[in-house]
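Everything on this sheet refers to the single structure shown next.
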Amino acid sequence: MTISRQALVRIRDRTARTAGQLAGLFVMMSLAISATGHDVDVLVIDRDGKQVADVAVYAVRLDGNMALPNPQSSAVMDQVDRQFVPHVLVVQVGTPVEFPNSDTVAHHVYSFSHPNKFVLPMYKGEKHSPVTFEHSGVVSLGCNIHDHMLGYILVVDSTEFTMTDGIGHATLSLGNPDDYVINIWSPRIRDKQENLSKTVSVSGASSASVTFSLEKKLNPPHGGKPDSASWSDY
């Protein structure tokens with residue numbers, strides 16, 4: 001079969017257009033991949049080299065230019081077995097926090113942490129409306145009935161936060177390549193503040209890692225046991 005010159009030209013042009021479209025699609029896919037998935041792996045170890053679980057980890061842009069969208073959901077600080085659950089909760093500024101009481105006894109929740117102080121008078125179930133924290137900082141929680149109860153809410157100017165797992169590891173998935181300050185916090189950590197922040201650079205599709213090696217002995221964990229921390233330890 002003989003193919004005319006005009007047909008060959010049409011086939012060539014169609015092939016070129018298809019190749020161009022595929023190339024454009026590949027570029028768009030590459031841009032989408034490079035615009036997401038900038039992971040920072042964080043490891044927290046104590047002065048003996050042991051991994052530290054349940055440490056709050058969060059990232060802020062080094063230039064401070066981190067636009068915060070309005071929180072899309074609320075968070076929950078429950079009360080179970082006369083303990084705050086979780087012991088440490090991390091939320092973005094402006095997040096409503098619900099305080100249900102899943103215990104069989106009443107609680108009277110409060111915080112004297114300025115400027116986020118509040119009081120929820122004695123209740124069971126879900127009597128009170130959520131509390132919205134408009135200022136960053138640590139909110140220490142107590143119960144006016146059960147003095148051993150102790151909990152924390154860390155309010156951060158960031159959308160990128162998490163907690164270390166059982167082996168002291170956490171991963172932050174950052175939206176844009178940039179320079180970030182990675183911060184950690186826990187009521188057990190006694191190191192100076194300058195030891196709890198590290199700057200990392202994330203560029204292109206690369207990831208980064210940072211290790212926090214604590215220098216001071218940790219405070220004991222809180223949990224209502226004889227060797228656990230109480231209000232006076234903090």
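Labels used: A, B, ... for chains in the order of the structure tokens, numbers from 1 for residues in each chain, and numbers from 1 for ligands as shown.
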
> Quick one: DSSP strand (DSSP E or B) residues in stretch 42-231 of chain A, as a ChimeraX atom specification?
Replying inline: /A:42-45,51,56-61,75-76,78-80,83-85,88-92,96-98,101,107-111,118-123,125,131-132,137-143,150-156,161-163,169-174,178-185,197-202,208-213

Per-residue nearest contacts stretch 36-113 of chain A to stretch 218-223 of chain A, cut-off 9 Å, using only C-alpha atoms, as a Markdown table:
```
| residue | atom | partner | partner_atom | distance |
| --- | --- | --- | --- | --- |
| A:Asp46 | CA | A:Leu218 | CA | 7.4 |
| A:Arg47 | CA | A:Leu218 | CA | 8.6 |
| A:Gln83 | CA | A:Gly223 | CA | 7.6 |
| A:His87 | CA | A:His222 | CA | 8.2 |
```

Restricting the output to C-alpha atoms, write the selected residues as a CSV table (one decimal), in the first residue's frame.
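So the final result, stored in selection.csv, reads:
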```csv
chain,number,residue,atom,x,y,z
A,46,ASP,CA,17.1,11.5,75.5
A,47,ARG,CA,20.5,12.0,77.0
A,83,GLN,CA,-7.1,11.3,83.2
A,87,HIS,CA,-2.2,13.8,77.8
```

>> Show me, as a list of chain:residue names, the residues that have an atom within 7 Å of stretch 48-59 of chain A when counting only C-alpha atoms, minus same-chain residues fewer than 4 positions from it.
In response: A:Val44, A:Val90, A:Ser158, A:Glu160, A:Phe161, A:Thr162, A:Met163, A:Thr164, A:Asp165, A:Gly166, A:Ile167, A:Gly168, A:Tyr180, A:Val181, A:Ile182, A:Asn183, A:Ile184, A:Trp185, A:Ser186

How about saving the chosen residues, N, CA and C atoms kept, as a PDB file, in the first residue's frame?
```pdb
ATOM      1  N   VAL A  44      13.600  12.171  68.169  1.00  0.00           N
ATOM      2  CA  VAL A  44      13.893  12.761  69.478  1.00  0.00           C
ATOM      3  C   VAL A  44      14.455  11.664  70.371  1.00  0.00           C
ATOM      4  N   VAL A  90      -2.071  18.727  70.385  1.00  0.00           N
ATOM      5  CA  VAL A  90      -1.561  19.854  69.602  1.00  0.00           C
ATOM      6  C   VAL A  90      -2.656  20.330  68.657  1.00  0.00           C
ATOM      7  N   SER A 158       0.663  27.121  63.242  1.00  0.00           N
ATOM      8  CA  SER A 158       1.107  26.242  62.164  1.00  0.00           C
ATOM      9  C   SER A 158       0.004  25.249  61.827  1.00  0.00           C
ATOM     10  N   GLU A 160       1.213  22.447  60.333  1.00  0.00           N
ATOM     11  CA  GLU A 160       2.069  21.265  60.193  1.00  0.00           C
ATOM     12  C   GLU A 160       2.542  20.819  61.577  1.00  0.00           C
ATOM     13  N   PHE A 161       1.856  19.846  62.155  1.00  0.00           N
ATOM     14  CA  PHE A 161       2.219  19.368  63.492  1.00  0.00           C
ATOM     15  C   PHE A 161       1.830  17.911  63.651  1.00  0.00           C
ATOM     16  N   THR A 162       2.499  17.265  64.595  1.00  0.00           N
ATOM     17  CA  THR A 162       2.224  15.863  64.876  1.00  0.00           C
ATOM     18  C   THR A 162       2.862  15.510  66.216  1.00  0.00           C
ATOM     19  N   MET A 163       2.859  14.210  66.559  1.00  0.00           N
ATOM     20  CA  MET A 163       3.485  13.713  67.785  1.00  0.00           C
ATOM     21  C   MET A 163       4.439  12.588  67.425  1.00  0.00           C
ATOM     22  N   THR A 164       5.531  12.463  68.194  1.00  0.00           N
ATOM     23  CA  THR A 164       6.420  11.333  67.971  1.00  0.00           C
ATOM     24  C   THR A 164       5.730  10.038  68.379  1.00  0.00           C
ATOM     25  N   ASP A 165       6.090   8.965  67.671  1.00  0.00           N
ATOM     26  CA  ASP A 165       5.497   7.662  67.966  1.00  0.00           C
ATOM     27  C   ASP A 165       6.273   6.959  69.083  1.00  0.00           C
ATOM     28  N   GLY A 166       6.030   5.660  69.245  1.00  0.00           N
ATOM     29  CA  GLY A 166       6.636   4.915  70.333  1.00  0.00           C
ATOM     30  C   GLY A 166       8.140   4.773  70.246  1.00  0.00           C
ATOM     31  N   ILE A 167       8.713   5.063  69.064  1.00  0.00           N
ATOM     32  CA  ILE A 167      10.167   4.996  68.915  1.00  0.00           C
ATOM     33  C   ILE A 167      10.754   6.386  68.654  1.00  0.00           C
ATOM     34  N   GLY A 168      10.042   7.408  69.118  1.00  0.00           N
ATOM     35  CA  GLY A 168      10.574   8.762  69.067  1.00  0.00           C
ATOM     36  C   GLY A 168      10.634   9.378  67.692  1.00  0.00           C
ATOM     37  N   TYR A 180      12.525  25.957  57.047  1.00  0.00           N
ATOM     38  CA  TYR A 180      11.573  25.813  58.140  1.00  0.00           C
ATOM     39  C   TYR A 180      12.312  25.707  59.469  1.00  0.00           C
ATOM     40  N   VAL A 181      11.626  26.139  60.515  1.00  0.00           N
ATOM     41  CA  VAL A 181      12.097  25.889  61.876  1.00  0.00           C
ATOM     42  C   VAL A 181      11.247  24.756  62.441  1.00  0.00           C
ATOM     43  N   ILE A 182      11.896  23.663  62.807  1.00  0.00           N
ATOM     44  CA  ILE A 182      11.212  22.523  63.400  1.00  0.00           C
ATOM     45  C   ILE A 182      11.327  22.648  64.917  1.00  0.00           C
ATOM     46  N   ASN A 183      10.199  22.603  65.586  1.00  0.00           N
ATOM     47  CA  ASN A 183      10.150  22.781  67.035  1.00  0.00           C
ATOM     48  C   ASN A 183       9.599  21.520  67.701  1.00  0.00           C
ATOM     49  N   ILE A 184      10.080  21.251  68.907  1.00  0.00           N
ATOM     50  CA  ILE A 184       9.519  20.156  69.696  1.00  0.00           C
ATOM     51  C   ILE A 184       9.127  20.684  71.069  1.00  0.00           C
ATOM     52  N   TRP A 185       8.180  19.979  71.686  1.00  0.00           N
ATOM     53  CA  TRP A 185       7.762  20.358  73.040  1.00  0.00           C
ATOM     54  C   TRP A 185       7.158  19.143  73.742  1.00  0.00           C
ATOM     55  N   SER A 186       7.444  19.039  75.022  1.00  0.00           N
ATOM     56  CA  SER A 186       6.829  18.039  75.888  1.00  0.00           C
ATOM     57  C   SER A 186       6.961  18.525  77.316  1.00  0.00           C
TER      58      SER A 186
END
```

> How many Å lie between atom CA of A:Val60 and atom CA of A:Lys198, rounded to one decimal?
Replying inline: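 So the answer is 10.6 Å.
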
> Hey, what's within 12 Å of A:Gly125 if we count only C-alpha atoms and toss same-chain stuff fewer than 2 positions away? As an MDAnalysis selection string, please?
Replying inline: chainID A and resid 78:80 98:108 122:123 127:129

>> Please report the interatomic distance between atom CA of A:Val97 and atom CA of A:Phe133 in Å with one decimal.
In response: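 Atom-to-atom, atom CA of A:Val97 to atom CA of A:Phe133, that is 7.8 Å.
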
> When distances are computed from only C-alpha atoms, which of A:Ser203, A:Thr211, A:Lys117, A:Lys217 shows the smallest separation from A:Ile45?
Replying inline: A:Thr211

>> Just checking: using only C-alpha atoms, which residue out of A:Lys124, A:Arg82, A:His169, A:Arg190 ends up closest to A:Gly142?
In response: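 For A:Gly142, the nearest of the given residues is A:Arg82.
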
> Could you write out, as a PyMOL selection string, all the residues of stretch 93-215 of chain A that DSSP marks as helix (DSSP H, G or I)?
Replying inline: chain A and resi 193-196

> Between atom CA of A:Asn65 and atom CA of A:Asp178, what is the distance, to one decimal in Å?
Replying inline: 10.6 Å
